[in-house]
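In what follows, a structure is listed as C-alpha coordinates, so that the remarks can point back to it.
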Amino acid sequence: MSDRTFLGTGGVERRQGRLCRLDLSAAAHPVTTAREWARSVLSRWQIGSPLDEDVVLVVSELVANAMMHAGAVRELHLLWLDRRTVRIEVTDTSRTAPSPMQPRRGRPGGHGLVIVRTLCRSWGTVPRAAGKTVWAELVGSWQPGA
(Lines give C-alpha, C1' and ligand atoms only; values in the text may rest on other atoms or scores of the structure.)
Protein backbone atom coordinates (compact mmCIF):
# COMPACT_ATOMS: atom_id res chain seq x y z
CA MET A 1 0.00 0.00 0.00
CA SER A 2 1.40 3.40 -0.91
CA ASP A 3 1.53 6.34 1.47
CA ARG A 4 -0.77 8.33 -0.84
CA THR A 5 -4.35 7.57 -1.74
CA PHE A 6 -5.93 9.64 -4.48
CA LEU A 7 -9.55 10.48 -3.81
CA GLY A 8 -12.00 10.84 -6.67
CA THR A 9 -13.31 14.13 -5.30
CA GLY A 10 -10.09 16.09 -5.80
CA GLY A 11 -8.20 15.58 -2.54
CA VAL A 12 -4.99 13.74 -1.82
CA GLU A 13 -4.69 11.88 1.47
CA ARG A 14 -1.42 11.09 3.25
CA ARG A 15 -1.36 8.87 6.33
CA GLN A 16 1.37 8.95 8.96
CA GLY A 17 0.41 6.77 11.92
CA ARG A 18 -2.16 8.65 13.92
CA LEU A 19 -2.00 11.70 11.65
CA CYS A 20 -4.03 11.80 8.45
CA ARG A 21 -3.64 14.72 6.03
CA LEU A 22 -5.88 15.77 3.18
CA ASP A 23 -4.78 18.29 0.55
CA LEU A 24 -7.88 20.34 -0.28
CA SER A 25 -6.20 22.96 -2.46
CA ALA A 26 -7.57 21.46 -5.69
CA ALA A 27 -10.87 20.09 -4.36
CA ALA A 28 -13.90 21.25 -6.35
CA HIS A 29 -16.14 20.98 -3.26
CA PRO A 30 -13.84 21.26 -0.22
CA VAL A 31 -16.52 21.03 2.50
CA THR A 32 -18.09 17.90 1.03
CA THR A 33 -14.68 16.36 0.33
CA ALA A 34 -13.50 17.11 3.88
CA ARG A 35 -16.66 15.76 5.49
CA GLU A 36 -16.59 12.47 3.51
CA TRP A 37 -12.86 12.02 4.11
CA ALA A 38 -13.24 12.66 7.86
CA ARG A 39 -15.97 10.01 8.06
CA SER A 40 -13.67 7.56 6.28
CA VAL A 41 -10.76 8.26 8.65
CA LEU A 42 -12.97 7.97 11.74
CA SER A 43 -14.34 4.67 10.43
CA ARG A 44 -10.80 3.31 10.04
CA TRP A 45 -10.03 4.48 13.56
CA GLN A 46 -13.19 2.62 14.71
CA ILE A 47 -14.44 5.46 16.85
CA GLY A 48 -18.12 4.55 16.30
CA SER A 49 -19.62 6.85 18.91
CA PRO A 50 -21.35 10.22 19.04
CA LEU A 51 -17.89 11.80 18.93
CA ASP A 52 -17.47 10.90 15.27
CA GLU A 53 -20.47 13.04 14.27
CA ASP A 54 -19.13 15.93 16.37
CA VAL A 55 -15.75 15.63 14.63
CA VAL A 56 -17.43 15.68 11.20
CA LEU A 57 -19.51 18.73 12.19
CA VAL A 58 -16.43 20.64 13.41
CA VAL A 59 -14.52 19.68 10.24
CA SER A 60 -17.42 21.03 8.17
CA GLU A 61 -17.59 24.29 10.11
CA LEU A 62 -13.83 24.95 10.03
CA VAL A 63 -13.50 24.18 6.31
CA ALA A 64 -16.60 26.26 5.49
CA ASN A 65 -15.20 29.17 7.53
CA ALA A 66 -11.88 28.93 5.69
CA MET A 67 -13.67 29.01 2.34
CA MET A 68 -15.94 31.89 3.34
CA HIS A 69 -13.40 34.13 5.08
CA ALA A 70 -10.06 33.17 3.50
CA GLY A 71 -11.32 32.23 0.06
CA ALA A 72 -9.37 28.97 -0.01
CA VAL A 73 -8.41 26.05 2.18
CA ARG A 74 -5.09 24.26 1.78
CA GLU A 75 -5.03 21.24 4.03
CA LEU A 76 -7.00 19.33 6.65
CA HIS A 77 -5.33 17.22 9.34
CA LEU A 78 -6.97 14.76 11.72
CA LEU A 79 -4.79 13.67 14.62
CA TRP A 80 -5.57 10.94 17.11
CA LEU A 81 -3.79 12.39 20.14
CA ASP A 82 -4.68 9.73 22.69
CA ARG A 83 -7.37 7.12 23.31
CA ARG A 84 -10.05 9.79 23.68
CA THR A 85 -8.88 12.95 21.89
CA VAL A 86 -9.10 13.93 18.22
CA ARG A 87 -7.50 17.15 16.96
CA ILE A 88 -8.66 18.84 13.76
CA GLU A 89 -6.42 21.31 11.92
CA VAL A 90 -7.50 23.37 8.90
CA THR A 91 -4.89 25.47 7.10
CA ASP A 92 -6.03 28.32 4.85
CA THR A 93 -4.52 31.22 2.90
CA SER A 94 -5.45 34.14 5.17
CA ARG A 95 -3.37 35.47 8.05
CA THR A 96 -6.45 37.03 9.67
CA ALA A 97 -7.40 35.22 12.87
CA PRO A 98 -11.01 34.05 13.15
CA SER A 99 -13.25 36.10 15.36
CA PRO A 100 -16.39 34.53 16.81
CA MET A 101 -19.50 36.47 15.88
CA GLN A 102 -22.67 36.90 17.85
CA PRO A 103 -25.16 34.75 15.93
CA ARG A 104 -28.48 36.37 15.14
CA ARG A 105 -31.44 34.32 16.26
CA GLY A 106 -33.26 32.74 13.34
CA ARG A 107 -30.73 34.00 10.77
CA PRO A 108 -28.05 32.02 8.97
CA GLY A 109 -24.38 32.76 9.50
CA GLY A 110 -22.27 33.45 12.55
CA HIS A 111 -22.80 30.06 14.17
CA GLY A 112 -19.64 28.22 13.05
CA LEU A 113 -17.23 29.17 15.82
CA VAL A 114 -20.03 29.05 18.40
CA ILE A 115 -20.54 25.40 17.43
CA VAL A 116 -16.78 24.79 17.58
CA ARG A 117 -16.50 26.39 21.04
CA THR A 118 -19.48 24.38 22.29
CA LEU A 119 -18.28 20.98 21.07
CA CYS A 120 -14.54 21.30 21.61
CA ARG A 121 -12.37 21.15 24.70
CA SER A 122 -10.18 23.85 23.17
CA TRP A 123 -9.48 25.59 19.88
CA GLY A 124 -7.10 28.21 18.56
CA THR A 125 -5.07 29.60 15.69
CA VAL A 126 -1.43 29.22 14.65
CA PRO A 127 -0.07 31.85 12.21
CA ARG A 128 1.80 30.50 9.18
CA ALA A 129 4.04 32.20 6.62
CA ALA A 130 1.27 32.19 4.02
CA GLY A 131 -1.89 31.87 6.09
CA LYS A 132 -2.94 30.24 9.34
CA THR A 133 -4.02 26.95 10.86
CA VAL A 134 -7.20 26.83 12.93
CA TRP A 135 -7.26 23.83 15.27
CA ALA A 136 -9.82 22.27 17.60
CA GLU A 137 -9.69 19.32 20.00
CA LEU A 138 -12.62 17.08 20.87
CA VAL A 139 -12.65 14.59 23.73
CA GLY A 140 -14.94 11.58 23.93
CA SER A 141 -15.55 8.61 26.18
CA TRP A 142 -15.13 6.06 23.38
CA GLN A 143 -12.74 3.15 23.33
CA PRO A 144 -11.05 2.60 19.94
CA GLY A 145 -12.05 -0.68 18.33
CA ALA A 146 -14.86 -1.28 20.81
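FYI, nothing fancy with the C-alpha coordinates labels: chains A, B, ... in order, residues from 1 per chain, ligands from 1 as they appear.
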Worksheet entry | Spatial neighbours of Thr96 in chain A, 10 Å, only C-alpha atoms, chain gap at least 4 places, as JSON, numbers by chain | {"A": [69, 70, 92, 125, 127, 131, 132]}
Go ahead and write the selection's residues with N, CA and C atoms as a PDB file, in the first residue's frame.
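Dumped everything to again.pdb:
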```pdb
ATOM      1  N   HIS A  69     -14.152  32.962   4.608  1.00  0.00           N
ATOM      2  CA  HIS A  69     -13.400  34.126   5.079  1.00  0.00           C
ATOM      3  C   HIS A  69     -12.002  34.243   4.481  1.00  0.00           C
ATOM      4  N   ALA A  70     -11.403  33.120   4.087  1.00  0.00           N
ATOM      5  CA  ALA A  70     -10.057  33.166   3.499  1.00  0.00           C
ATOM      6  C   ALA A  70     -10.102  32.989   1.982  1.00  0.00           C
ATOM      7  N   ASP A  92      -5.504  27.531   5.961  1.00  0.00           N
ATOM      8  CA  ASP A  92      -6.031  28.323   4.850  1.00  0.00           C
ATOM      9  C   ASP A  92      -5.019  29.374   4.417  1.00  0.00           C
ATOM     10  N   THR A 125      -5.633  29.270  16.994  1.00  0.00           N
ATOM     11  CA  THR A 125      -5.074  29.597  15.687  1.00  0.00           C
ATOM     12  C   THR A 125      -3.560  29.653  15.782  1.00  0.00           C
ATOM     13  N   PRO A 127      -0.436  31.145  13.435  1.00  0.00           N
ATOM     14  CA  PRO A 127      -0.071  31.855  12.207  1.00  0.00           C
ATOM     15  C   PRO A 127       0.959  31.064  11.407  1.00  0.00           C
ATOM     16  N   GLY A 131      -0.536  32.167   5.640  1.00  0.00           N
ATOM     17  CA  GLY A 131      -1.890  31.873   6.092  1.00  0.00           C
ATOM     18  C   GLY A 131      -1.922  31.550   7.569  1.00  0.00           C
ATOM     19  N   LYS A 132      -2.805  30.641   7.938  1.00  0.00           N
ATOM     20  CA  LYS A 132      -2.941  30.238   9.341  1.00  0.00           C
ATOM     21  C   LYS A 132      -3.517  28.831   9.406  1.00  0.00           C
TER      22      LYS A 132
END
```
Worksheet entry | All residues 9 Å or closer to Gly140 in chain A, only C-alpha atoms, same chain fewer than 3 positions away omitted, as a PyMOL selection string | chain A and resi 49-51+83-86+143
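Taking only C-alpha atoms into account, Arg95 in chain A lies nearest to A:Thr133 out of the set A:Ser60, A:Thr118, A:Thr133, A:Asn65.
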Worksheet item: What separation in Å, quoted to one decimal, exists between CA of Val55 in chain A and CA of Val73 in chain A?
Response: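 One can read the CA of Val55 in chain A to CA of Val73 in chain A distance as 17.8 Å.
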Worksheet entry | Top pick for closest residue to His77 in chain A, considering A:Leu19, A:Pro30, A:Gln102, A:Glu137 and counting only C-alpha atoms | A:Leu19
Worksheet item: What is the CA of Val116 in chain A-CA of Val58 in chain A distance in Å, reported with one decimal?
Response: 5.9 Å
Item to complete: Looking only at strand (DSSP E) from DSSP on the backbone, list the matching residues of range 21-120 of chain A as a PyMOL selection string.
Response: chain A and resi 21-23+73-80+85-92
If you keep N, CA and C atoms, can you produce a file of those selected residues as a PDB file, in the first residue's frame?
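Generated output (out.pdb):
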```pdb
ATOM      1  N   ARG A  21      -3.641  13.406   6.682  1.00  0.00           N
ATOM      2  CA  ARG A  21      -3.644  14.718   6.034  1.00  0.00           C
ATOM      3  C   ARG A  21      -4.403  14.635   4.724  1.00  0.00           C
ATOM      4  N   LEU A  22      -5.150  15.685   4.437  1.00  0.00           N
ATOM      5  CA  LEU A  22      -5.876  15.772   3.179  1.00  0.00           C
ATOM      6  C   LEU A  22      -5.578  17.114   2.531  1.00  0.00           C
ATOM      7  N   ASP A  23      -5.036  17.084   1.321  1.00  0.00           N
ATOM      8  CA  ASP A  23      -4.778  18.292   0.546  1.00  0.00           C
ATOM      9  C   ASP A  23      -6.089  18.701  -0.122  1.00  0.00           C
ATOM     10  N   VAL A  73      -8.921  26.907   1.112  1.00  0.00           N
ATOM     11  CA  VAL A  73      -8.411  26.046   2.177  1.00  0.00           C
ATOM     12  C   VAL A  73      -7.312  25.185   1.570  1.00  0.00           C
ATOM     13  N   ARG A  74      -6.228  25.035   2.302  1.00  0.00           N
ATOM     14  CA  ARG A  74      -5.092  24.259   1.785  1.00  0.00           C
ATOM     15  C   ARG A  74      -5.131  22.809   2.222  1.00  0.00           C
ATOM     16  N   GLU A  75      -5.227  22.598   3.526  1.00  0.00           N
ATOM     17  CA  GLU A  75      -5.030  21.242   4.034  1.00  0.00           C
ATOM     18  C   GLU A  75      -5.864  21.025   5.285  1.00  0.00           C
ATOM     19  N   LEU A  76      -6.270  19.772   5.468  1.00  0.00           N
ATOM     20  CA  LEU A  76      -6.996  19.330   6.654  1.00  0.00           C
ATOM     21  C   LEU A  76      -6.196  18.206   7.286  1.00  0.00           C
ATOM     22  N   HIS A  77      -6.000  18.289   8.587  1.00  0.00           N
ATOM     23  CA  HIS A  77      -5.334  17.216   9.340  1.00  0.00           C
ATOM     24  C   HIS A  77      -6.307  16.689  10.387  1.00  0.00           C
ATOM     25  N   LEU A  78      -6.326  15.387  10.567  1.00  0.00           N
ATOM     26  CA  LEU A  78      -6.971  14.755  11.715  1.00  0.00           C
ATOM     27  C   LEU A  78      -5.885  14.030  12.479  1.00  0.00           C
ATOM     28  N   LEU A  79      -5.797  14.297  13.767  1.00  0.00           N
ATOM     29  CA  LEU A  79      -4.788  13.672  14.621  1.00  0.00           C
ATOM     30  C   LEU A  79      -5.486  12.945  15.758  1.00  0.00           C
ATOM     31  N   TRP A  80      -5.069  11.725  15.995  1.00  0.00           N
ATOM     32  CA  TRP A  80      -5.566  10.940  17.114  1.00  0.00           C
ATOM     33  C   TRP A  80      -4.530  11.106  18.209  1.00  0.00           C
ATOM     34  N   THR A  85      -8.960  11.593  22.426  1.00  0.00           N
ATOM     35  CA  THR A  85      -8.876  12.950  21.893  1.00  0.00           C
ATOM     36  C   THR A  85      -8.546  12.961  20.404  1.00  0.00           C
ATOM     37  N   VAL A  86      -9.346  13.711  19.648  1.00  0.00           N
ATOM     38  CA  VAL A  86      -9.103  13.933  18.224  1.00  0.00           C
ATOM     39  C   VAL A  86      -8.874  15.425  18.024  1.00  0.00           C
ATOM     40  N   ARG A  87      -7.817  15.755  17.288  1.00  0.00           N
ATOM     41  CA  ARG A  87      -7.505  17.150  16.960  1.00  0.00           C
ATOM     42  C   ARG A  87      -7.734  17.357  15.467  1.00  0.00           C
ATOM     43  N   ILE A  88      -8.388  18.448  15.140  1.00  0.00           N
ATOM     44  CA  ILE A  88      -8.662  18.841  13.762  1.00  0.00           C
ATOM     45  C   ILE A  88      -7.841  20.082  13.482  1.00  0.00           C
ATOM     46  N   GLU A  89      -7.173  20.121  12.332  1.00  0.00           N
ATOM     47  CA  GLU A  89      -6.422  21.311  11.921  1.00  0.00           C
ATOM     48  C   GLU A  89      -6.791  21.644  10.484  1.00  0.00           C
ATOM     49  N   VAL A  90      -7.169  22.897  10.244  1.00  0.00           N
ATOM     50  CA  VAL A  90      -7.504  23.370   8.903  1.00  0.00           C
ATOM     51  C   VAL A  90      -6.589  24.545   8.583  1.00  0.00           C
ATOM     52  N   THR A  91      -5.818  24.417   7.512  1.00  0.00           N
ATOM     53  CA  THR A  91      -4.894  25.472   7.098  1.00  0.00           C
ATOM     54  C   THR A  91      -5.472  26.180   5.885  1.00  0.00           C
ATOM     55  N   ASP A  92      -5.504  27.531   5.961  1.00  0.00           N
ATOM     56  CA  ASP A  92      -6.031  28.323   4.850  1.00  0.00           C
ATOM     57  C   ASP A  92      -5.019  29.374   4.417  1.00  0.00           C
TER      58      ASP A  92
END
```
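Between CA of Thr93 in chain A and CA of Ala72 in chain A there is a distance of 6.1 Å.
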